[in-house]
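Source file data.pdb; content: PDB, C-alpha atoms and all ligand atoms.
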ATOM      1  CA  MET A   1       0.000   0.000   0.000  1.00  0.00           C
ATOM      2  CA  ARG A   2       1.262   3.480  -0.867  1.00  0.00           C
ATOM      3  CA  VAL A   3       0.368   6.590   1.108  1.00  0.00           C
ATOM      4  CA  HIS A   4       0.842  10.045  -0.319  1.00  0.00           C
ATOM      5  CA  VAL A   5       0.231  13.178   1.743  1.00  0.00           C
ATOM      6  CA  ALA A   6      -0.260  16.131  -0.597  1.00  0.00           C
ATOM      7  CA  ASP A   7       1.961  18.928   0.584  1.00  0.00           C
ATOM      8  CA  HIS A   8       0.931  22.219  -0.972  1.00  0.00           C
ATOM      9  CA  PRO A   9       0.299  25.638   0.603  1.00  0.00           C
ATOM     10  CA  LEU A  10      -3.052  25.995  -1.197  1.00  0.00           C
ATOM     11  CA  ILE A  11      -4.243  22.708   0.290  1.00  0.00           C
ATOM     12  CA  THR A  12      -3.104  23.724   3.780  1.00  0.00           C
ATOM     13  CA  HIS A  13      -4.769  27.124   3.392  1.00  0.00           C
ATOM     14  CA  LYS A  14      -8.104  25.661   2.273  1.00  0.00           C
ATOM     15  CA  LEU A  15      -7.904  22.973   4.957  1.00  0.00           C
ATOM     16  CA  THR A  16      -7.475  25.630   7.627  1.00  0.00           C
ATOM     17  CA  VAL A  17     -10.696  27.367   6.576  1.00  0.00           C
ATOM     18  CA  LEU A  18     -12.448  23.983   6.349  1.00  0.00           C
ATOM     19  CA  ARG A  19     -11.421  23.075   9.899  1.00  0.00           C
ATOM     20  CA  ASP A  20     -12.667  26.364  11.365  1.00  0.00           C
ATOM     21  CA  ALA A  21     -15.889  25.709  13.314  1.00  0.00           C
ATOM     22  CA  LYS A  22     -17.165  29.137  12.170  1.00  0.00           C
ATOM     23  CA  THR A  23     -17.094  28.197   8.463  1.00  0.00           C
ATOM     24  CA  PRO A  24     -20.737  27.870   7.321  1.00  0.00           C
ATOM     25  CA  SER A  25     -22.084  24.920   5.293  1.00  0.00           C
ATOM     26  CA  PRO A  26     -22.180  26.584   1.845  1.00  0.00           C
ATOM     27  CA  GLN A  27     -18.514  27.596   2.134  1.00  0.00           C
ATOM     28  CA  PHE A  28     -17.625  24.201   3.617  1.00  0.00           C
ATOM     29  CA  ARG A  29     -19.203  22.460   0.595  1.00  0.00           C
ATOM     30  CA  SER A  30     -17.288  24.653  -1.881  1.00  0.00           C
ATOM     31  CA  LEU A  31     -14.020  24.032  -0.046  1.00  0.00           C
ATOM     32  CA  VAL A  32     -14.494  20.246  -0.032  1.00  0.00           C
ATOM     33  CA  GLU A  33     -15.019  20.371  -3.796  1.00  0.00           C
ATOM     34  CA  GLU A  34     -11.973  22.592  -4.349  1.00  0.00           C
ATOM     35  CA  LEU A  35      -9.785  20.423  -2.111  1.00  0.00           C
ATOM     36  CA  MET A  36     -10.977  17.367  -3.991  1.00  0.00           C
ATOM     37  CA  THR A  37      -9.885  18.863  -7.301  1.00  0.00           C
ATOM     38  CA  LEU A  38      -6.433  19.568  -5.874  1.00  0.00           C
ATOM     39  CA  LEU A  39      -6.138  16.079  -4.365  1.00  0.00           C
ATOM     40  CA  ALA A  40      -7.454  14.492  -7.574  1.00  0.00           C
ATOM     41  CA  TYR A  41      -4.399  15.811  -9.372  1.00  0.00           C
ATOM     42  CA  GLU A  42      -2.224  13.613  -7.132  1.00  0.00           C
ATOM     43  CA  GLY A  43      -4.732  10.790  -6.944  1.00  0.00           C
ATOM     44  CA  THR A  44      -5.002  10.341 -10.704  1.00  0.00           C
ATOM     45  CA  ARG A  45      -1.263  10.275 -11.362  1.00  0.00           C
ATOM     46  CA  GLY A  46      -1.543   6.552 -12.144  1.00  0.00           C
ATOM     47  CA  VAL A  47      -4.712   6.739 -14.246  1.00  0.00           C
ATOM     48  CA  ARG A  48      -4.430   4.426 -17.264  1.00  0.00           C
ATOM     49  CA  VAL A  49      -4.130   6.109 -20.632  1.00  0.00           C
ATOM     50  CA  GLU A  50      -3.719   4.844 -24.191  1.00  0.00           C
ATOM     51  CA  PRO A  51      -2.102   6.506 -27.215  1.00  0.00           C
ATOM     52  CA  ILE A  52      -4.264   8.362 -29.713  1.00  0.00           C
ATOM     53  CA  ASP A  53      -3.389   9.996 -33.047  1.00  0.00           C
ATOM     54  CA  ILE A  54      -4.703  13.505 -33.627  1.00  0.00           C
ATOM     55  CA  VAL A  55      -4.042  16.342 -36.050  1.00  0.00           C
ATOM     56  CA  THR A  56      -3.357  19.822 -34.681  1.00  0.00           C
ATOM     57  CA  PRO A  57      -3.896  22.868 -36.951  1.00  0.00           C
ATOM     58  CA  VAL A  58      -0.187  22.521 -37.729  1.00  0.00           C
ATOM     59  CA  ALA A  59       0.722  18.818 -37.850  1.00  0.00           C
ATOM     60  CA  PRO A  60      -0.275  15.270 -36.960  1.00  0.00           C
ATOM     61  CA  THR A  61       0.857  14.118 -33.527  1.00  0.00           C
ATOM     62  CA  THR A  62       0.276  11.443 -30.930  1.00  0.00           C
ATOM     63  CA  GLY A  63      -1.301  12.104 -27.550  1.00  0.00           C
ATOM     64  CA  VAL A  64      -3.144  10.021 -24.958  1.00  0.00           C
ATOM     65  CA  ARG A  65      -6.706   9.495 -23.796  1.00  0.00           C
ATOM     66  CA  ILE A  66      -8.138   7.798 -20.719  1.00  0.00           C
ATOM     67  CA  ALA A  67      -8.066   4.064 -21.483  1.00  0.00           C
ATOM     68  CA  ASP A  68     -11.016   1.658 -21.492  1.00  0.00           C
ATOM     69  CA  PRO A  69     -12.498   0.331 -19.298  1.00  0.00           C
ATOM     70  CA  LYS A  70     -13.155   3.793 -17.909  1.00  0.00           C
ATOM     71  CA  PRO A  71     -12.214   4.431 -14.268  1.00  0.00           C
ATOM     72  CA  LEU A  72     -14.892   4.021 -11.625  1.00  0.00           C
ATOM     73  CA  ILE A  73     -15.359   6.721  -8.990  1.00  0.00           C
ATOM     74  CA  VAL A  74     -16.946   5.491  -5.750  1.00  0.00           C
ATOM     75  CA  PRO A  75     -17.980   8.178  -3.252  1.00  0.00           C
ATOM     76  CA  ILE A  76     -18.866   6.787   0.183  1.00  0.00           C
ATOM     77  CA  LEU A  77     -22.205   8.292   1.219  1.00  0.00           C
ATOM     78  CA  ARG A  78     -22.888  10.681   2.724  1.00  0.00           C
ATOM     79  CA  ALA A  79     -19.761  12.753   3.154  1.00  0.00           C
ATOM     80  CA  GLY A  80     -17.966  11.369   0.075  1.00  0.00           C
ATOM     81  CA  LEU A  81     -20.726  12.812  -2.087  1.00  0.00           C
ATOM     82  CA  GLY A  82     -19.356  16.265  -1.316  1.00  0.00           C
ATOM     83  CA  MET A  83     -16.155  15.281  -3.144  1.00  0.00           C
ATOM     84  CA  LEU A  84     -17.790  13.852  -6.267  1.00  0.00           C
ATOM     85  CA  GLU A  85     -18.155  17.007  -8.377  1.00  0.00           C
ATOM     86  CA  GLY A  86     -14.528  17.975  -7.756  1.00  0.00           C
ATOM     87  CA  MET A  87     -13.406  14.573  -9.034  1.00  0.00           C
ATOM     88  CA  VAL A  88     -15.783  14.383 -12.006  1.00  0.00           C
ATOM     89  CA  LYS A  89     -14.500  17.766 -13.195  1.00  0.00           C
ATOM     90  CA  LEU A  90     -11.084  16.181 -13.749  1.00  0.00           C
ATOM     91  CA  LEU A  91     -12.323  12.786 -14.969  1.00  0.00           C
ATOM     92  CA  PRO A  92     -15.540  13.584 -16.846  1.00  0.00           C
ATOM     93  CA  THR A  93     -15.620  10.247 -18.715  1.00  0.00           C
ATOM     94  CA  ALA A  94     -15.390   8.132 -15.543  1.00  0.00           C
ATOM     95  CA  GLU A  95     -18.382   6.137 -14.334  1.00  0.00           C
ATOM     96  CA  VAL A  96     -19.727   6.602 -10.813  1.00  0.00           C
ATOM     97  CA  GLY A  97     -20.802   3.866  -8.380  1.00  0.00           C
ATOM     98  CA  PHE A  98     -22.076   4.398  -4.846  1.00  0.00           C
ATOM     99  CA  LEU A  99     -21.504   2.849  -1.440  1.00  0.00           C
ATOM    100  CA  GLY A 100     -23.584   4.036   1.504  1.00  0.00           C
ATOM    101  CA  MET A 101     -21.858   3.426   4.830  1.00  0.00           C
ATOM    102  CA  ALA A 102     -22.563   4.692   8.323  1.00  0.00           C
ATOM    103  CA  ARG A 103     -20.429   4.305  11.380  1.00  0.00           C
ATOM    104  CA  ASN A 104     -22.178   3.232  14.565  1.00  0.00           C
ATOM    105  CA  GLU A 105     -21.276   6.119  16.860  1.00  0.00           C
ATOM    106  CA  GLU A 106     -20.979   3.793  19.898  1.00  0.00           C
ATOM    107  CA  THR A 107     -19.119   0.764  18.537  1.00  0.00           C
ATOM    108  CA  LEU A 108     -17.463   2.776  15.691  1.00  0.00           C
ATOM    109  CA  GLU A 109     -18.173  -0.237  13.415  1.00  0.00           C
ATOM    110  CA  PRO A 110     -19.284   0.644   9.873  1.00  0.00           C
ATOM    111  CA  THR A 111     -22.436  -0.803   8.311  1.00  0.00           C
ATOM    112  CA  THR A 112     -23.234  -0.736   4.605  1.00  0.00           C
ATOM    113  CA  TYR A 113     -26.776   0.475   3.908  1.00  0.00           C
ATOM    114  CA  ALA A 114     -26.597   1.039   0.145  1.00  0.00           C
ATOM    115  CA  GLU A 115     -24.626  -0.255  -2.802  1.00  0.00           C
ATOM    116  CA  ARG A 116     -24.869   0.574  -6.489  1.00  0.00           C
ATOM    117  CA  LEU A 117     -21.778  -0.722  -8.276  1.00  0.00           C
ATOM    118  CA  PRO A 118     -21.065  -2.701 -11.438  1.00  0.00           C
ATOM    119  CA  GLU A 119     -21.189  -6.460 -10.674  1.00  0.00           C
ATOM    120  CA  ASP A 120     -17.749  -7.115 -12.143  1.00  0.00           C
ATOM    121  CA  LEU A 121     -14.911  -4.741 -11.325  1.00  0.00           C
ATOM    122  CA  SER A 122     -12.099  -6.762 -12.936  1.00  0.00           C
ATOM    123  CA  ASP A 123      -9.697  -4.476 -14.748  1.00  0.00           C
ATOM    124  CA  ARG A 124     -11.438  -1.338 -13.465  1.00  0.00           C
ATOM    125  CA  GLN A 125      -9.367   1.337 -11.806  1.00  0.00           C
ATOM    126  CA  CYS A 126     -11.387   2.444  -8.782  1.00  0.00           C
ATOM    127  CA  PHE A 127     -11.187   5.789  -6.990  1.00  0.00           C
ATOM    128  CA  VAL A 128     -12.832   5.799  -3.553  1.00  0.00           C
ATOM    129  CA  LEU A 129     -13.775   9.186  -2.104  1.00  0.00           C
ATOM    130  CA  ASP A 130     -14.325   9.826   1.591  1.00  0.00           C
ATOM    131  CA  PRO A 131     -13.186  13.016   3.353  1.00  0.00           C
ATOM    132  CA  MET A 132     -12.484  11.320   6.716  1.00  0.00           C
ATOM    133  CA  LEU A 133     -10.289   8.336   7.576  1.00  0.00           C
ATOM    134  CA  ALA A 134     -10.774   8.048  11.347  1.00  0.00           C
ATOM    135  CA  THR A 135     -10.559   4.477  12.744  1.00  0.00           C
ATOM    136  CA  GLY A 136     -10.196   3.325   9.129  1.00  0.00           C
ATOM    137  CA  GLY A 137     -13.105   0.859   9.488  1.00  0.00           C
ATOM    138  CA  SER A 138     -15.255   2.413   6.750  1.00  0.00           C
ATOM    139  CA  LEU A 139     -12.457   2.763   4.218  1.00  0.00           C
ATOM    140  CA  THR A 140     -11.150  -0.756   4.849  1.00  0.00           C
ATOM    141  CA  ALA A 141     -14.646  -2.230   4.421  1.00  0.00           C
ATOM    142  CA  ALA A 142     -15.231  -0.205   1.245  1.00  0.00           C
ATOM    143  CA  ILE A 143     -11.942  -1.234  -0.369  1.00  0.00           C
ATOM    144  CA  GLN A 144     -12.372  -4.888   0.643  1.00  0.00           C
ATOM    145  CA  TYR A 145     -15.823  -4.784  -0.950  1.00  0.00           C
ATOM    146  CA  LEU A 146     -14.322  -3.545  -4.238  1.00  0.00           C
ATOM    147  CA  PHE A 147     -11.668  -6.287  -4.138  1.00  0.00           C
ATOM    148  CA  GLU A 148     -14.408  -8.893  -3.602  1.00  0.00           C
ATOM    149  CA  ARG A 149     -16.023  -7.603  -6.809  1.00  0.00           C
ATOM    150  CA  GLY A 150     -12.786  -8.164  -8.725  1.00  0.00           C
ATOM    151  CA  ALA A 151     -11.051  -4.780  -8.480  1.00  0.00           C
ATOM    152  CA  THR A 152      -7.272  -5.005  -8.389  1.00  0.00           C
ATOM    153  CA  ASP A 153      -6.259  -1.362  -8.386  1.00  0.00           C
ATOM    154  CA  VAL A 154      -7.824   1.027  -5.864  1.00  0.00           C
ATOM    155  CA  THR A 155      -6.933   4.615  -4.997  1.00  0.00           C
ATOM    156  CA  ALA A 156      -8.620   6.218  -1.993  1.00  0.00           C
ATOM    157  CA  ILE A 157      -8.698   9.995  -1.688  1.00  0.00           C
ATOM    158  CA  CYS A 158      -9.374  11.417   1.784  1.00  0.00           C
ATOM    159  CA  ILE A 159      -9.033  14.945   3.071  1.00  0.00           C
ATOM    160  CA  LEU A 160      -7.985  14.060   6.651  1.00  0.00           C
ATOM    161  CA  ALA A 161      -6.674  10.927   8.346  1.00  0.00           C
ATOM    162  CA  ALA A 162      -5.817   9.903  11.905  1.00  0.00           C
ATOM    163  CA  PRO A 163      -2.496   8.043  12.257  1.00  0.00           C
ATOM    164  CA  GLU A 164      -4.228   5.162  14.100  1.00  0.00           C
ATOM    165  CA  GLY A 165      -6.754   4.704  11.276  1.00  0.00           C
ATOM    166  CA  LEU A 166      -4.112   4.892   8.602  1.00  0.00           C
ATOM    167  CA  ALA A 167      -2.099   2.181  10.370  1.00  0.00           C
ATOM    168  CA  ALA A 168      -5.223   0.012  10.684  1.00  0.00           C
ATOM    169  CA  VAL A 169      -5.975   0.324   6.951  1.00  0.00           C
ATOM    170  CA  GLU A 170      -2.349  -0.474   6.121  1.00  0.00           C
ATOM    171  CA  GLN A 171      -2.459  -3.575   8.279  1.00  0.00           C
ATOM    172  CA  ALA A 172      -5.804  -4.787   6.888  1.00  0.00           C
ATOM    173  CA  LEU A 173      -4.849  -4.221   3.227  1.00  0.00           C
ATOM    174  CA  HIS A 174      -1.209  -5.173   3.445  1.00  0.00           C
ATOM    175  CA  GLY A 175       0.137  -6.436   0.103  1.00  0.00           C
ATOM    176  CA  ARG A 176      -2.818  -5.090  -1.911  1.00  0.00           C
ATOM    177  CA  GLU A 177      -2.547  -2.662  -4.810  1.00  0.00           C
ATOM    178  CA  VAL A 178      -3.899   0.343  -2.887  1.00  0.00           C
ATOM    179  CA  THR A 179      -2.854   3.984  -2.919  1.00  0.00           C
ATOM    180  CA  ILE A 180      -4.137   6.469  -0.352  1.00  0.00           C
ATOM    181  CA  VAL A 181      -3.888  10.169  -1.109  1.00  0.00           C
ATOM    182  CA  LEU A 182      -4.440  12.528   1.820  1.00  0.00           C
ATOM    183  CA  GLY A 183      -4.686  16.255   2.416  1.00  0.00           C
ATOM    184  CA  ALA A 184      -3.174  15.878   5.924  1.00  0.00           C
ATOM    185  CA  VAL A 185      -2.519  13.379   8.695  1.00  0.00           C
ATOM    186  CA  ASP A 186      -3.711  14.805  12.009  1.00  0.00           C
ATOM    187  CA  GLU A 187      -2.546  14.168  15.581  1.00  0.00           C
ATOM    188  CA  ARG A 188      -4.806  11.389  16.854  1.00  0.00           C
ATOM    189  CA  LEU A 189      -8.321  10.063  17.448  1.00  0.00           C
ATOM    190  CA  ASN A 190     -10.198  11.156  20.558  1.00  0.00           C
ATOM    191  CA  GLU A 191     -12.184   8.801  22.824  1.00  0.00           C
ATOM    192  CA  LEU A 192     -15.293   9.298  20.642  1.00  0.00           C
ATOM    193  CA  GLY A 193     -13.430   8.267  17.486  1.00  0.00           C
ATOM    194  CA  TYR A 194     -13.170  11.813  16.103  1.00  0.00           C
ATOM    195  CA  ILE A 195     -10.041  13.068  14.384  1.00  0.00           C
ATOM    196  CA  VAL A 196      -8.122  15.669  16.470  1.00  0.00           C
ATOM    197  CA  PRO A 197      -7.907  18.521  15.601  1.00  0.00           C
ATOM    198  CA  GLY A 198      -9.939  17.393  12.556  1.00  0.00           C
ATOM    199  CA  LEU A 199     -12.930  19.325  11.338  1.00  0.00           C
ATOM    200  CA  GLY A 200     -15.813  17.711  13.232  1.00  0.00           C
ATOM    201  CA  ASP A 201     -18.455  15.574  11.545  1.00  0.00           C
ATOM    202  CA  ALA A 202     -17.921  16.020   7.817  1.00  0.00           C
ATOM    203  CA  GLY A 203     -21.364  14.697   6.816  1.00  0.00           C
ATOM    204  CA  ASP A 204     -23.132  17.013   9.250  1.00  0.00           C
ATOM    205  CA  ARG A 205     -21.091  20.030   8.190  1.00  0.00           C
ATOM    206  CA  LEU A 206     -21.853  19.304   4.513  1.00  0.00           C
ATOM    207  CA  TYR A 207     -25.514  18.375   4.782  1.00  0.00           C
ATOM    208  CA  GLY A 208     -26.747  19.160   8.308  1.00  0.00           C
ATOM    209  CA  THR A 209     -27.525  16.796  11.172  1.00  0.00           C
ATOM    210  CA  VAL A 210     -29.977  14.010  10.307  1.00  0.00           C
TER     211      VAL A 210
HETATM  212  C1  LIG B   1     -17.783   9.371   8.422  1.00  0.00           C
HETATM  213  C2  LIG B   1     -16.780   9.574   7.298  1.00  0.00           C
HETATM  214  C3  LIG B   1     -16.288   8.163   7.045  1.00  0.00           C
HETATM  215  C4  LIG B   1     -16.318   7.552   8.419  1.00  0.00           C
HETATM  216  C5  LIG B   1     -14.923   7.546   8.966  1.00  0.00           C
HETATM  217  O1  LIG B   1     -18.978   8.929   7.922  1.00  0.00           O
HETATM  218  O2  LIG B   1     -17.330  10.187   6.167  1.00  0.00           O
HETATM  219  O3  LIG B   1     -17.108   7.428   6.157  1.00  0.00           O
HETATM  220  O4  LIG B   1     -17.138   8.401   9.249  1.00  0.00           O
HETATM  221  O5  LIG B   1     -14.865   6.881  10.176  1.00  0.00           O
HETATM  222  P1  LIG B   1     -14.047   5.534  10.383  1.00  0.00           P
HETATM  223  O6  LIG B   1     -12.726   5.719   9.702  1.00  0.00           O
HETATM  224  O7  LIG B   1     -13.922   5.445  11.874  1.00  0.00           O
HETATM  225  O8  LIG B   1     -14.841   4.393   9.804  1.00  0.00           O
HETATM  226  P2  LIG B   1     -20.257   8.647   8.845  1.00  0.00           P
HETATM  227  O9  LIG B   1     -20.301   7.199   9.223  1.00  0.00           O
HETATM  228  O10 LIG B   1     -20.310   9.640   9.959  1.00  0.00           O
HETATM  229  O11 LIG B   1     -21.458   8.850   7.838  1.00  0.00           O
HETATM  230  P3  LIG B   1     -21.900  10.166   7.014  1.00  0.00           P
HETATM  231  O12 LIG B   1     -20.913  10.354   5.908  1.00  0.00           O
HETATM  232  O13 LIG B   1     -23.254   9.775   6.530  1.00  0.00           O
HETATM  233  O14 LIG B   1     -21.944  11.339   7.961  1.00  0.00           O
HETATM  234  N1  LIG B   2     -16.170  11.040  10.830  1.00  0.00           N
HETATM  235  C1  LIG B   2     -16.170  12.391  10.742  1.00  0.00           C
HETATM  236  O1  LIG B   2     -16.962  12.965   9.987  1.00  0.00           O
HETATM  237  N2  LIG B   2     -15.275  13.083  11.483  1.00  0.00           N
HETATM  238  C2  LIG B   2     -14.394  12.494  12.299  1.00  0.00           C
HETATM  239  O2  LIG B   2     -13.595  13.191  12.938  1.00  0.00           O
HETATM  240  C3  LIG B   2     -14.419  11.086  12.389  1.00  0.00           C
HETATM  241  C4  LIG B   2     -15.307  10.379  11.633  1.00  0.00           C
END

Output the file's structure in the form of structure tokens.
Amino acid sequence: MRVHVADHPLITHKLTVLRDAKTPSPQFRSLVEELMTLLAYEGTRGVRVEPIDIVTPVAPTTGVRIADPKPLIVPILRAGLGMLEGMVKLLPTAEVGFLGMARNEETLEPTTYAERLPEDLSDRQCFVLDPMLATGGSLTAAIQYLFERGATDVTAICILAAPEGLAAVEQALHGREVTIVLGAVDERLNELGYIVPGLGDAGDRLYGTV
């Protein structure tokens, strides 16, 4: 498993505003989308391309296009949905599948309540989106699910991670073809399973408390 922490002043700047408890929902949503676009640049470094011949106004040349089968983007509902538009902007030809997961706030165990994915993921490059990697339970379950469907190449893009959760994902997916791209790794998890300093509950800050 490879882990890449994006280190860029624009990302740190936007993350700081995102973390601020005073930042209202509309601005929080815009920032998640902007951060996603910046992280997608790193996250798609390994996207498969194939050569294509074109003719410019001046001369024929060879370029590349995104290869078939097209990549699959998988936002984890709810909070991952806030990252989808930022990703689709960079990969407009990708397909989108959905996984709905919720963490039990007492046991911190994830449950899957919705799934809409192609049956066969063999040969598909998958990009999982979830802003928060806390205990790592949700991300591990999501990636294992994709592997069970035949995926062999998974990149997860998260805005924040806790070191404990990152270690747990690394241990669970050891030896697998997984890349994790992160905006930052924070200090720790608190006793309620929240990332410290973190940004609070990402789903609630994006969509309100339900
Ligand atoms: C949040 C977050 C991750 C998960 C991370 O979702 O978006 O999916 O918690 O926690 P973990 O690493 O300990 O599993 P949540 O379950 O709160 O659902 P939501 O997106 O609907 O708010
Ligand atoms: N989920 C969140 O939204 N925030 C955290 O800090 C941990 C899990």

Write out as an NGL selection string the residues lying within 9 Å of Asp7 (chain A), counting all atoms listed in the file and excluding same-chain residues fewer than 5 positions away.
-> :A and (12 or 183-184)

As AutoDock Vina command-line options, please report the centre and edge lengths, rounded to one decimal in Å, of the axis-aligned box that holds all listed atoms of ligand LIG 2 (chain B) with 6 Å of padding on each of the six sides.
--center_x -15.3 --center_y 11.8 --center_z 11.5 --size_x 15.4 --size_y 14.8 --size_z 15.0

Could the residues that lie within 10 Å of ligand LIG 1 (chain B), counting all atoms listed in the file, be listed as JSON, numbers by chain?
-> {"A": [75, 76, 77, 78, 79, 80, 81, 82, 99, 100, 101, 102, 103, 104, 105, 107, 108, 109, 110, 111, 112, 129, 130, 131, 132, 133, 134, 135, 136, 137, 138, 139, 140, 141, 142, 158, 160, 161, 162, 164, 165, 166, 168, 169, 189, 192, 193, 194, 195, 200, 201, 202, 203, 204, 205, 206, 207, 208, 209, 210]}

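CA of Ile157 (chain A) is positioned 7.5 Å from CA of Ala40 (chain A).
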
Of the candidates A:Glu106, A:Glu148, A:Asp123, A:Glu85, which one gets nearest to ligand LIG 2 (chain B) if we count all atoms listed in the file?
->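 For ligand LIG 2 (chain B), the nearest of the given residues is A:Glu106.
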
Best match for closeness to Leu90 (chain A) among A:Thr56, A:Gln144, A:Thr155, A:Thr37, counting all atoms listed in the file |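 Of all the options, A:Thr37 lies closest to Leu90 (chain A).
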
To one decimal place, how far is CA of Gly43 (chain A) from CA of Val196 (chain A) in Å?
->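 Computing the Euclidean distance for CA of Gly43 (chain A) and CA of Val196 (chain A) yields 24.2 Å.
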
Which of these, A:Glu42, A:Asp186, A:Glu115, A:Glu191, has the shortest distance to Arg19 (chain A) once you count only C-alpha atoms?
-> A:Asp186

Please indicate the distance in Å from CA of Val154 (chain A) to CA of His8 (chain A), rounded to one decimal place.
-> 23.4 Å

In terms of the shortest atom-to-atom distance over only C-alpha atoms and all ligand atoms, which of A:Val96, A:Ile159, A:Asp120, A:Gln171 is closest to ligand LIG 2 (chain B)?
->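 Going through A:Val96, A:Ile159, A:Asp120, A:Gln171 one by one, the smallest distance to ligand LIG 2 (chain B) is for A:Ile159.
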
Point out the residue among A:Arg176, A:Arg29, A:Arg48, A:His13 with the least atom-to-atom distance to Pro71 (chain A), counting only C-alpha atoms.
-> A:Arg48

Pick the closest to Glu187 (chain A) from A:Ile11, A:Leu199, A:Leu173, A:Pro163: which is it, counting only C-alpha atoms?
-> A:Pro163

Carefully work through the PyMOL selection byres (((chain A and resi 65) around 6) and not hetatm) for this structure and note down the residues it includes, as a list in words.
-> Val49, Glu50, Val64 and Ile66 of chain A

Find the residues near Glu177 (chain A): any atom within 12 Å, counting only C-alpha atoms, skip ones fewer than 4 places away on the same chain, and give them as a PDB file with C-alpha atoms, keeping the file's coordinate frame.
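Final output, selection_4.pdb:
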ATOM      1  CA  MET A   1       0.000   0.000   0.000  1.00  0.00           C
ATOM      2  CA  ARG A   2       1.262   3.480  -0.867  1.00  0.00           C
ATOM      3  CA  VAL A   3       0.368   6.590   1.108  1.00  0.00           C
ATOM      4  CA  GLY A  46      -1.543   6.552 -12.144  1.00  0.00           C
ATOM      5  CA  GLN A 125      -9.367   1.337 -11.806  1.00  0.00           C
ATOM      6  CA  CYS A 126     -11.387   2.444  -8.782  1.00  0.00           C
ATOM      7  CA  ILE A 143     -11.942  -1.234  -0.369  1.00  0.00           C
ATOM      8  CA  GLN A 144     -12.372  -4.888   0.643  1.00  0.00           C
ATOM      9  CA  LEU A 146     -14.322  -3.545  -4.238  1.00  0.00           C
ATOM     10  CA  PHE A 147     -11.668  -6.287  -4.138  1.00  0.00           C
ATOM     11  CA  ALA A 151     -11.051  -4.780  -8.480  1.00  0.00           C
ATOM     12  CA  THR A 152      -7.272  -5.005  -8.389  1.00  0.00           C
ATOM     13  CA  ASP A 153      -6.259  -1.362  -8.386  1.00  0.00           C
ATOM     14  CA  VAL A 154      -7.824   1.027  -5.864  1.00  0.00           C
ATOM     15  CA  THR A 155      -6.933   4.615  -4.997  1.00  0.00           C
ATOM     16  CA  ALA A 156      -8.620   6.218  -1.993  1.00  0.00           C
ATOM     17  CA  GLU A 170      -2.349  -0.474   6.121  1.00  0.00           C
ATOM     18  CA  LEU A 173      -4.849  -4.221   3.227  1.00  0.00           C
TER      19      LEU A 173
END

What does the PyMOL selection byres (((chain A and resi 28) around 9) and not hetatm) select in this file, as a PyMOL selection string?
-> chain A and resi 17-19+23-27+29-33+205-206

Go ahead and dump the residues you just picked, C-alpha atoms, as a PDB file, in the coordinates of the input.
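Final output, saved to selection-v3.pdb:
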ATOM      1  CA  VAL A  17     -10.696  27.367   6.576  1.00  0.00           C
ATOM      2  CA  LEU A  18     -12.448  23.983   6.349  1.00  0.00           C
ATOM      3  CA  ARG A  19     -11.421  23.075   9.899  1.00  0.00           C
ATOM      4  CA  THR A  23     -17.094  28.197   8.463  1.00  0.00           C
ATOM      5  CA  PRO A  24     -20.737  27.870   7.321  1.00  0.00           C
ATOM      6  CA  SER A  25     -22.084  24.920   5.293  1.00  0.00           C
ATOM      7  CA  PRO A  26     -22.180  26.584   1.845  1.00  0.00           C
ATOM      8  CA  GLN A  27     -18.514  27.596   2.134  1.00  0.00           C
ATOM      9  CA  ARG A  29     -19.203  22.460   0.595  1.00  0.00           C
ATOM     10  CA  SER A  30     -17.288  24.653  -1.881  1.00  0.00           C
ATOM     11  CA  LEU A  31     -14.020  24.032  -0.046  1.00  0.00           C
ATOM     12  CA  VAL A  32     -14.494  20.246  -0.032  1.00  0.00           C
ATOM     13  CA  GLU A  33     -15.019  20.371  -3.796  1.00  0.00           C
ATOM     14  CA  ARG A 205     -21.091  20.030   8.190  1.00  0.00           C
ATOM     15  CA  LEU A 206     -21.853  19.304   4.513  1.00  0.00           C
TER      16      LEU A 206
END

Please write the residues picked by the PyMOL selection byres (((chain A and resi 4) around 7) and not hetatm) on this file as a list in words.
->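 This file, filtered by the PyMOL selection byres (((chain A and resi 4) around 7) and not hetatm), leaves Arg2, Val3, Val5, Ala6, Ile180, Val181 and Leu182 of chain A.
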
Would you list the contacts of Lys70 (chain A) as an MDAnalysis selection string, taking every protein, DNA or RNA residue within 8 Å and counting only C-alpha atoms, but skipping same-chain residues closer than 5 positions in sequence?
-> chainID A and resid 93:95 124:125

Identify the residues within 9 Å of coordinate (-19.9, -3.0, -8.9) (same frame as the file), considering all atoms listed in the file, and give the answer as a count of residues only.
-> 12
